[in-house]
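Source file upload35.cif; content: mmCIF, C-alpha atoms.
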```
data_my_file
#
loop_
_atom_site.group_PDB
_atom_site.id
_atom_site.type_symbol
_atom_site.label_atom_id
_atom_site.label_comp_id
_atom_site.auth_asym_id
_atom_site.auth_seq_id
_atom_site.Cartn_x
_atom_site.Cartn_y
_atom_site.Cartn_z
ATOM 1 C CA PRO T 1 -18.325 -36.858 33.670
ATOM 2 C CA ALA T 2 -21.273 -38.867 32.440
ATOM 3 C CA ALA T 3 -22.273 -42.510 32.089
ATOM 4 C CA LEU T 4 -24.580 -44.125 29.569
ATOM 5 C CA SER T 5 -26.000 -47.498 28.738
ATOM 6 C CA ASN T 6 -27.980 -48.584 25.689
ATOM 7 C CA TYR T 7 -29.474 -52.055 25.745
ATOM 8 C CA ARG T 8 -31.713 -54.439 23.859
ATOM 9 C CA VAL T 9 -33.321 -57.467 25.493
ATOM 10 C CA SER T 10 -35.209 -60.322 23.910
ATOM 11 C CA GLY T 11 -36.225 -63.755 25.045
ATOM 12 C CA SER T 12 -38.589 -66.627 24.627
ATOM 13 C CA GLY T 13 -39.641 -69.455 26.843
ATOM 14 C CA GLY T 14 -41.682 -72.575 26.832
ATOM 15 C CA THR T 15 -42.240 -75.670 28.941
ATOM 16 C CA ASP T 16 -38.954 -77.292 27.917
ATOM 17 C CA ARG T 17 -36.878 -74.458 26.353
ATOM 18 C CA ASP T 18 -35.709 -70.983 27.353
ATOM 19 C CA SER T 19 -33.640 -68.481 25.398
ATOM 20 C CA ASP T 20 -32.630 -64.950 26.408
ATOM 21 C CA PHE T 21 -30.411 -62.306 24.820
ATOM 22 C CA LEU T 22 -29.033 -58.980 26.084
ATOM 23 C CA SER T 23 -27.056 -56.527 23.941
ATOM 24 C CA LEU T 24 -25.320 -53.769 25.921
ATOM 25 C CA LEU T 25 -23.396 -50.675 24.790
ATOM 26 C CA SER T 26 -22.050 -48.903 27.879
ATOM 27 C CA GLY T 27 -19.906 -45.841 28.174
ATOM 28 C CA LEU T 28 -18.230 -43.212 30.285
ATOM 29 C CA ASN T 29 -17.473 -39.661 29.159
ATOM 30 C CA TYR T 30 -14.769 -37.647 30.893
ATOM 31 C CA GLY T 31 -13.782 -34.349 29.333
ATOM 32 C CA PRO T 32 -13.034 -35.007 25.647
ATOM 33 C CA TRP T 33 -12.550 -38.764 26.215
ATOM 34 C CA ARG T 34 -15.267 -41.354 25.556
ATOM 35 C CA LEU T 35 -14.830 -44.930 26.828
ATOM 36 C CA ARG T 36 -17.163 -47.505 25.264
ATOM 37 C CA ASN T 37 -17.813 -51.234 25.666
ATOM 38 C CA ASN T 38 -20.030 -53.314 23.415
ATOM 39 C CA GLY T 39 -21.054 -56.753 24.671
ATOM 40 C CA ALA T 40 -23.746 -59.414 24.475
ATOM 41 C CA TRP T 41 -25.072 -62.082 26.850
ATOM 42 C CA ASN T 42 -26.753 -65.268 25.622
ATOM 43 C CA TYR T 43 -28.655 -67.793 27.724
ATOM 44 C CA SER T 44 -30.147 -71.046 26.451
ATOM 45 C CA LYS T 45 -31.698 -74.006 28.263
ATOM 46 C CA GLY T 46 -33.568 -77.038 27.095
ATOM 47 C CA ASP T 47 -33.544 -80.827 26.520
ATOM 48 C CA GLY T 48 -30.588 -81.597 28.779
ATOM 49 C CA TYR T 49 -28.369 -78.624 27.955
ATOM 50 C CA HIS T 50 -27.740 -75.304 29.622
ATOM 51 C CA SER T 51 -25.595 -72.517 28.156
ATOM 52 C CA GLN T 52 -24.784 -69.053 29.413
ATOM 53 C CA ARG T 53 -22.152 -66.840 27.804
ATOM 54 C CA TRP T 54 -20.935 -63.217 27.828
ATOM 55 C CA ASN T 55 -19.230 -62.013 24.631
ATOM 56 C CA ASN T 56 -17.106 -58.884 24.794
ATOM 57 C CA ILE T 57 -17.476 -57.525 21.257
ATOM 58 C CA GLY T 58 -15.243 -54.519 21.702
ATOM 59 C CA THR T 59 -13.810 -51.931 24.078
ATOM 60 C CA TRP T 60 -12.323 -48.628 22.988
ATOM 61 C CA VAL T 61 -11.516 -45.091 24.017
ATOM 62 C CA GLN T 62 -12.183 -42.249 21.588
ATOM 63 C CA ARG T 63 -11.769 -38.481 21.379
ATOM 64 C CA ALA T 64 -11.959 -35.663 18.875
ATOM 65 C CA ILE T 65 -8.736 -33.969 17.757
ATOM 66 C CA ILE T 66 -10.264 -30.614 16.837
ATOM 67 C CA PRO T 67 -7.209 -28.882 15.261
ATOM 68 C CA LEU T 68 -6.895 -31.841 12.840
ATOM 69 C CA LYS T 69 -10.687 -32.175 12.382
ATOM 70 C CA SER T 70 -10.128 -35.843 13.214
ATOM 71 C CA GLU T 71 -11.115 -38.638 15.568
ATOM 72 C CA LEU T 72 -8.658 -40.813 17.501
ATOM 73 C CA VAL T 73 -9.780 -44.323 18.492
ATOM 74 C CA MET T 74 -7.656 -46.694 20.587
ATOM 75 C CA GLY T 75 -8.689 -50.266 21.330
ATOM 76 C CA ASP T 76 -11.060 -52.375 19.246
ATOM 77 C CA SER T 77 -11.934 -50.595 16.005
ATOM 78 C CA ASN T 78 -12.561 -51.048 12.288
ATOM 79 C CA THR T 79 -10.835 -49.660 9.234
ATOM 80 C CA GLY T 80 -12.725 -47.218 7.034
ATOM 81 C CA ASN T 81 -14.919 -48.644 4.272
ATOM 82 C CA ASP T 82 -14.814 -45.951 1.580
ATOM 83 C CA VAL T 83 -13.080 -48.205 -0.952
ATOM 84 C CA PHE T 84 -12.780 -51.712 0.521
ATOM 85 C CA ASP T 85 -14.743 -53.665 3.114
ATOM 86 C CA SER T 86 -14.055 -52.674 6.710
ATOM 87 C CA VAL T 87 -11.675 -54.879 8.721
ATOM 88 C CA GLY T 88 -11.730 -55.157 12.512
ATOM 89 C CA PHE T 89 -8.478 -54.701 14.446
ATOM 90 C CA ARG T 90 -7.101 -53.868 17.893
ATOM 91 C CA GLY T 91 -4.827 -50.840 17.934
ATOM 92 C CA ALA T 92 -5.095 -47.120 17.191
ATOM 93 C CA ARG T 93 -6.874 -45.288 14.385
ATOM 94 C CA LEU T 94 -6.677 -41.601 13.476
ATOM 95 C CA TYR T 95 -9.083 -40.520 10.749
ATOM 96 C CA SER T 96 -10.464 -37.301 9.309
ATOM 97 C CA SER T 97 -14.072 -36.587 10.246
ATOM 98 C CA ASP T 98 -16.472 -34.760 7.918
ATOM 99 C CA ASN T 99 -18.750 -34.236 10.935
ATOM 100 C CA MET T 100 -16.349 -31.573 12.230
ATOM 101 C CA TYR T 101 -17.169 -29.309 9.292
ATOM 102 C CA PRO T 102 -20.367 -27.271 8.923
ATOM 103 C CA ASP T 103 -23.049 -28.929 6.775
ATOM 104 C CA SER T 104 -22.230 -26.602 3.886
ATOM 105 C CA LEU T 105 -18.641 -27.945 3.787
ATOM 106 C CA GLN T 106 -19.366 -31.664 4.170
ATOM 107 C CA GLY T 107 -19.072 -33.934 1.169
ATOM 108 C CA TYR T 108 -17.781 -32.906 -2.238
ATOM 109 C CA ALA T 109 -18.650 -29.764 -4.168
ATOM 110 C CA PRO T 110 -16.443 -27.947 -6.667
ATOM 111 C CA THR T 111 -15.035 -24.473 -6.097
ATOM 112 C CA VAL T 112 -16.741 -22.018 -8.444
ATOM 113 C CA ARG T 113 -14.379 -19.245 -9.572
ATOM 114 C CA GLY T 114 -14.960 -16.198 -11.694
ATOM 115 C CA ILE T 115 -14.356 -12.487 -12.139
ATOM 116 C CA ALA T 116 -17.058 -9.866 -11.728
ATOM 117 C CA ARG T 117 -16.481 -6.624 -13.638
ATOM 118 C CA THR T 118 -18.858 -4.698 -11.342
ATOM 119 C CA ALA T 119 -20.831 -5.427 -8.185
ATOM 120 C CA ALA T 120 -22.889 -8.391 -9.364
ATOM 121 C CA LYS T 121 -25.521 -10.973 -8.491
ATOM 122 C CA LEU T 122 -24.156 -14.515 -8.729
ATOM 123 C CA THR T 123 -26.574 -17.379 -9.394
ATOM 124 C CA ILE T 124 -25.601 -21.061 -9.615
ATOM 125 C CA ARG T 125 -28.037 -23.637 -10.995
ATOM 126 C CA GLN T 126 -27.869 -27.409 -11.195
ATOM 127 C CA ASN T 127 -30.352 -29.397 -13.267
ATOM 128 C CA GLY T 128 -32.382 -26.199 -13.675
ATOM 129 C CA TYR T 129 -32.691 -25.478 -9.938
ATOM 130 C CA VAL T 130 -31.074 -22.522 -8.187
ATOM 131 C CA ILE T 131 -28.708 -24.000 -5.577
ATOM 132 C CA TYR T 132 -26.777 -20.833 -4.666
ATOM 133 C CA GLN T 133 -27.333 -17.105 -4.982
ATOM 134 C CA SER T 134 -25.252 -14.263 -3.581
ATOM 135 C CA TYR T 135 -23.791 -10.864 -4.381
ATOM 136 C CA VAL T 136 -20.095 -10.454 -5.163
ATOM 137 C CA SER T 137 -17.804 -7.427 -5.251
ATOM 138 C CA PRO T 138 -15.917 -6.416 -8.398
ATOM 139 C CA GLY T 139 -12.910 -8.647 -9.022
ATOM 140 C CA ALA T 140 -12.093 -12.320 -8.593
ATOM 141 C CA PHE T 141 -14.376 -14.509 -6.483
ATOM 142 C CA ALA T 142 -14.303 -18.132 -5.313
ATOM 143 C CA ILE T 143 -17.353 -19.910 -3.906
ATOM 144 C CA THR T 144 -16.185 -22.738 -1.645
ATOM 145 C CA ASP T 145 -19.271 -23.410 0.489
ATOM 146 C CA LEU T 146 -21.732 -24.958 -1.960
ATOM 147 C CA ASN T 147 -23.965 -27.556 -0.352
ATOM 148 C CA PRO T 148 -23.580 -30.909 -2.105
ATOM 149 C CA THR T 149 -26.646 -31.527 -4.227
ATOM 150 C CA SER T 150 -27.258 -34.374 -6.631
ATOM 151 C CA SER T 151 -24.379 -36.556 -7.727
ATOM 152 C CA SER T 152 -24.429 -35.313 -11.307
ATOM 153 C CA GLY T 153 -25.361 -32.320 -13.401
ATOM 154 C CA ASP T 154 -23.024 -29.523 -14.405
ATOM 155 C CA LEU T 155 -23.260 -26.196 -12.578
ATOM 156 C CA GLU T 156 -24.585 -23.303 -14.660
ATOM 157 C CA VAL T 157 -23.131 -20.015 -13.379
ATOM 158 C CA THR T 158 -24.714 -16.641 -14.162
ATOM 159 C CA VAL T 159 -23.097 -13.335 -13.167
ATOM 160 C CA ASP T 160 -25.548 -10.422 -13.562
ATOM 161 C CA GLU T 161 -23.409 -7.277 -13.603
ATOM 162 C CA LYS T 162 -24.647 -3.964 -12.207
ATOM 163 C CA ASP T 163 -24.288 -2.377 -15.670
ATOM 164 C CA GLY T 164 -26.862 -4.828 -17.109
ATOM 165 C CA SER T 165 -24.401 -7.177 -18.839
ATOM 166 C CA GLN T 166 -24.365 -10.872 -18.070
ATOM 167 C CA GLN T 167 -21.711 -13.597 -17.982
ATOM 168 C CA ARG T 168 -22.702 -17.257 -18.286
ATOM 169 C CA TYR T 169 -20.466 -20.297 -18.017
ATOM 170 C CA THR T 170 -20.563 -23.932 -16.957
ATOM 171 C CA VAL T 171 -18.556 -25.672 -14.228
ATOM 172 C CA PRO T 172 -18.379 -29.452 -14.859
ATOM 173 C CA TYR T 173 -19.668 -31.445 -11.901
ATOM 174 C CA SER T 174 -19.920 -35.087 -11.014
ATOM 175 C CA THR T 175 -18.938 -36.905 -7.887
ATOM 176 C CA VAL T 176 -17.179 -40.190 -7.333
ATOM 177 C CA PRO T 177 -16.268 -41.863 -4.040
ATOM 178 C CA LEU T 178 -13.393 -40.182 -2.188
ATOM 179 C CA LEU T 179 -13.560 -36.961 -4.212
ATOM 180 C CA GLN T 180 -12.681 -34.072 -1.871
ATOM 181 C CA ARG T 181 -13.228 -30.330 -1.856
ATOM 182 C CA GLU T 182 -10.340 -28.151 -2.931
ATOM 183 C CA GLY T 183 -7.786 -27.900 -0.109
ATOM 184 C CA ARG T 184 -9.224 -30.839 1.870
ATOM 185 C CA VAL T 185 -7.437 -34.063 2.745
ATOM 186 C CA LYS T 186 -9.145 -37.275 3.823
ATOM 187 C CA TYR T 187 -7.106 -39.856 5.708
ATOM 188 C CA ASP T 188 -7.622 -42.975 7.765
#
```

Representation of the structure as structure tokens:
Amino acid sequence: PAALSNYRVSGSGGTDRDSDFLSLLSGLNYGPWRLRNNGAWNYSKGDGYHSQRWNNIGTWVQRAIIPLKSELVMGDSNTGNDVFDSVGFRGARLYSSDNMYPDSLQGYAPTVRGIARTAAKLTIRQNGYVIYQSYVSPGAFAITDLNPTSSSGDLEVTVDEKDGSQQRYTVPYSTVPLLQREGRVKYD
């Protein structure tokens, strides 16, 4: 178990006016569960008025669902904002999380497929830069762990065969919002 608290305080004062503000994000962690509360306190005084108010912005419990590579949030949450603006709601949300994948599998990148006739060196370039290089065995290969690079620029694939011959081909590449790697599903 662990507890945490992040805060921000600001204020100003003068002979006839005072204003203070406190923003507080507090939490408790217990096993895989994370309880969070986000709130703010405002205080104002001056010229015949006095105001003090606590605003509870949101409270939620959250945990990772590792087999689904997802996050579950119950309480105050927001919808995803990949396509439309985010909307706040109170309820439950289960969504896929790219953060549960290694860096090399986050974001979009195409699968590069080919066939090597012999043991071969495989080189992939984008916009003239080498972005991947490896050695492949004879037969079919599929490269699924390319790191996402720029958002445009076709991939130039070179297969240097052990016998001195060379294969060259291009894999079209561009990315648009919500595009996923082969075999991946994104949900919210």

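Minimum atom-to-atom distance to T:Tyr173, evaluated using only C-alpha atoms, belongs to T:Pro110 out of T:Gly58, T:Pro110, T:Gly88, T:Gly80.
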
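Taking only C-alpha atoms into account, T:Leu122 lies nearest to T:Val136 out of the set T:Val87, T:Ala92, T:Val176, T:Val136.
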
Fill in: Exercise: T:Asn55 partners within 12 Å, only C-alpha atoms, chain neighbours under 4 positions left out, as number ranges by chain
T: 21-24, 37-43, 59

Take the residues just selected and output them with C-alpha atoms as a JSON list (two decimals), keeping the file's coordinate frame.
```
[["chain", "number", "residue", "atom", "x", "y", "z"],
["T", 21, "PHE", "CA", -30.41, -62.31, 24.82],
["T", 22, "LEU", "CA", -29.03, -58.98, 26.08],
["T", 23, "SER", "CA", -27.06, -56.53, 23.94],
["T", 24, "LEU", "CA", -25.32, -53.77, 25.92],
["T", 37, "ASN", "CA", -17.81, -51.23, 25.67],
["T", 38, "ASN", "CA", -20.03, -53.31, 23.42],
["T", 39, "GLY", "CA", -21.05, -56.75, 24.67],
["T", 40, "ALA", "CA", -23.75, -59.41, 24.48],
["T", 41, "TRP", "CA", -25.07, -62.08, 26.85],
["T", 42, "ASN", "CA", -26.75, -65.27, 25.62],
["T", 43, "TYR", "CA", -28.66, -67.79, 27.72],
["T", 59, "THR", "CA", -13.81, -51.93, 24.08]]
```

Expected answer as a PDB file with C-alpha atoms, in the coordinates of the input: all residues with atoms within 10 Å of (-4.0, -44.4, 14.0), all atoms listed in the file:
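File produced: out-v6.pdb:
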```
ATOM      1  CA  GLU T  71     -11.115 -38.638  15.568  1.00  0.00           C
ATOM      2  CA  LEU T  72      -8.658 -40.813  17.501  1.00  0.00           C
ATOM      3  CA  VAL T  73      -9.780 -44.323  18.492  1.00  0.00           C
ATOM      4  CA  MET T  74      -7.656 -46.694  20.587  1.00  0.00           C
ATOM      5  CA  THR T  79     -10.835 -49.660   9.234  1.00  0.00           C
ATOM      6  CA  GLY T  91      -4.827 -50.840  17.934  1.00  0.00           C
ATOM      7  CA  ALA T  92      -5.095 -47.120  17.191  1.00  0.00           C
ATOM      8  CA  ARG T  93      -6.874 -45.288  14.385  1.00  0.00           C
ATOM      9  CA  LEU T  94      -6.677 -41.601  13.476  1.00  0.00           C
ATOM     10  CA  TYR T  95      -9.083 -40.520  10.749  1.00  0.00           C
ATOM     11  CA  TYR T 187      -7.106 -39.856   5.708  1.00  0.00           C
ATOM     12  CA  ASP T 188      -7.622 -42.975   7.765  1.00  0.00           C
TER      13      ASP T 188
END
```

Item to complete: May I have the protein, DNA and RNA residues with any atom at most 9 Å from the point (-22.9, -45.7, 26.6), counting only C-alpha atoms, written as a ChimeraX atom specification?
Response: /T:3-6,24-29,34-38

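The space between atom CA of T:Trp60 and atom CA of T:Val9 spans 22.9 Å.
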
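Between atom CA of T:Asp20 and atom CA of T:Arg8 lies a distance of 10.9 Å.
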
Build an axis-aligned box that encloses every atom of stretch 169-188 of chain T listed in the file, pad it by 4 Å on each side, and report its centre and edge lengths in Å to one decimal, as JSON.
```
{"center_x": -13.8, "center_y": -31.6, "center_z": -5.1, "size_x": 21.5, "size_y": 30.7, "size_z": 33.8}
```

Picked residues, the PyMOL selection byres ((chain T and resi 125) around 10), as a PDB file with C-alpha atoms, in the frame of the given file:
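Once everything was written out, this is part34.pdb:
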```pdb
ATOM      1  CA  THR T 123     -26.574 -17.379  -9.394  1.00  0.00           C
ATOM      2  CA  ILE T 124     -25.601 -21.061  -9.615  1.00  0.00           C
ATOM      3  CA  GLN T 126     -27.869 -27.409 -11.195  1.00  0.00           C
ATOM      4  CA  ASN T 127     -30.352 -29.397 -13.267  1.00  0.00           C
ATOM      5  CA  GLY T 128     -32.382 -26.199 -13.675  1.00  0.00           C
ATOM      6  CA  TYR T 129     -32.691 -25.478  -9.938  1.00  0.00           C
ATOM      7  CA  VAL T 130     -31.074 -22.522  -8.187  1.00  0.00           C
ATOM      8  CA  ILE T 131     -28.708 -24.000  -5.577  1.00  0.00           C
ATOM      9  CA  TYR T 132     -26.777 -20.833  -4.666  1.00  0.00           C
ATOM     10  CA  GLN T 133     -27.333 -17.105  -4.982  1.00  0.00           C
ATOM     11  CA  GLY T 153     -25.361 -32.320 -13.401  1.00  0.00           C
ATOM     12  CA  ASP T 154     -23.024 -29.523 -14.405  1.00  0.00           C
ATOM     13  CA  LEU T 155     -23.260 -26.196 -12.578  1.00  0.00           C
ATOM     14  CA  GLU T 156     -24.585 -23.303 -14.660  1.00  0.00           C
ATOM     15  CA  VAL T 157     -23.131 -20.015 -13.379  1.00  0.00           C
ATOM     16  CA  THR T 158     -24.714 -16.641 -14.162  1.00  0.00           C
ATOM     17  CA  THR T 170     -20.563 -23.932 -16.957  1.00  0.00           C
TER      18      THR T 170
END
```

Item to complete: Apply the PyMOL selection byres ((chain T and resi 175) around 8) to the file shown and report the selected residues as a list in words.
Response: Tyr108, Ser151, Ser152, Tyr173, Ser174, Val176, Pro177 and Leu179 of chain T

Name the residues captured by the PyMOL selection byres ((chain T and resi 112) around 8) when it is applied to the shown file; answer as a PDB file with C-alpha atoms, in the coordinates of the input.
```
ATOM      1  CA  PRO T 110     -16.443 -27.947  -6.667  1.00  0.00           C
ATOM      2  CA  THR T 111     -15.035 -24.473  -6.097  1.00  0.00           C
ATOM      3  CA  ARG T 113     -14.379 -19.245  -9.572  1.00  0.00           C
ATOM      4  CA  GLY T 114     -14.960 -16.198 -11.694  1.00  0.00           C
ATOM      5  CA  ALA T 142     -14.303 -18.132  -5.313  1.00  0.00           C
ATOM      6  CA  ILE T 143     -17.353 -19.910  -3.906  1.00  0.00           C
ATOM      7  CA  THR T 144     -16.185 -22.738  -1.645  1.00  0.00           C
ATOM      8  CA  VAL T 171     -18.556 -25.672 -14.228  1.00  0.00           C
TER       9      VAL T 171
END
```

Determine, counting only C-alpha atoms, which protein, DNA and RNA residues have an atom within 12 Å of an atom of T:Pro67; residues of the same chain fewer than 4 positions away are not included. Present the result as a JSON list (two decimals) with C-alpha atoms, in the coordinates of the input.
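Result saved to out-v1.json:
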```json
[["chain", "number", "residue", "atom", "x", "y", "z"],
["T", 71, "GLU", "CA", -11.12, -38.64, 15.57],
["T", 96, "SER", "CA", -10.46, -37.30, 9.31],
["T", 97, "SER", "CA", -14.07, -36.59, 10.25],
["T", 100, "MET", "CA", -16.35, -31.57, 12.23],
["T", 101, "TYR", "CA", -17.17, -29.31, 9.29]]
```

Worksheet entry | d(atom CA of T:Ser10, atom CA of T:Gly48) in Å | 22.3 Å

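Checking T:Gly164, T:Gly14, T:Gly183, T:Pro102 one by one against T:Ala120, counting all atoms listed in the file, you find the shortest gap at T:Gly164.
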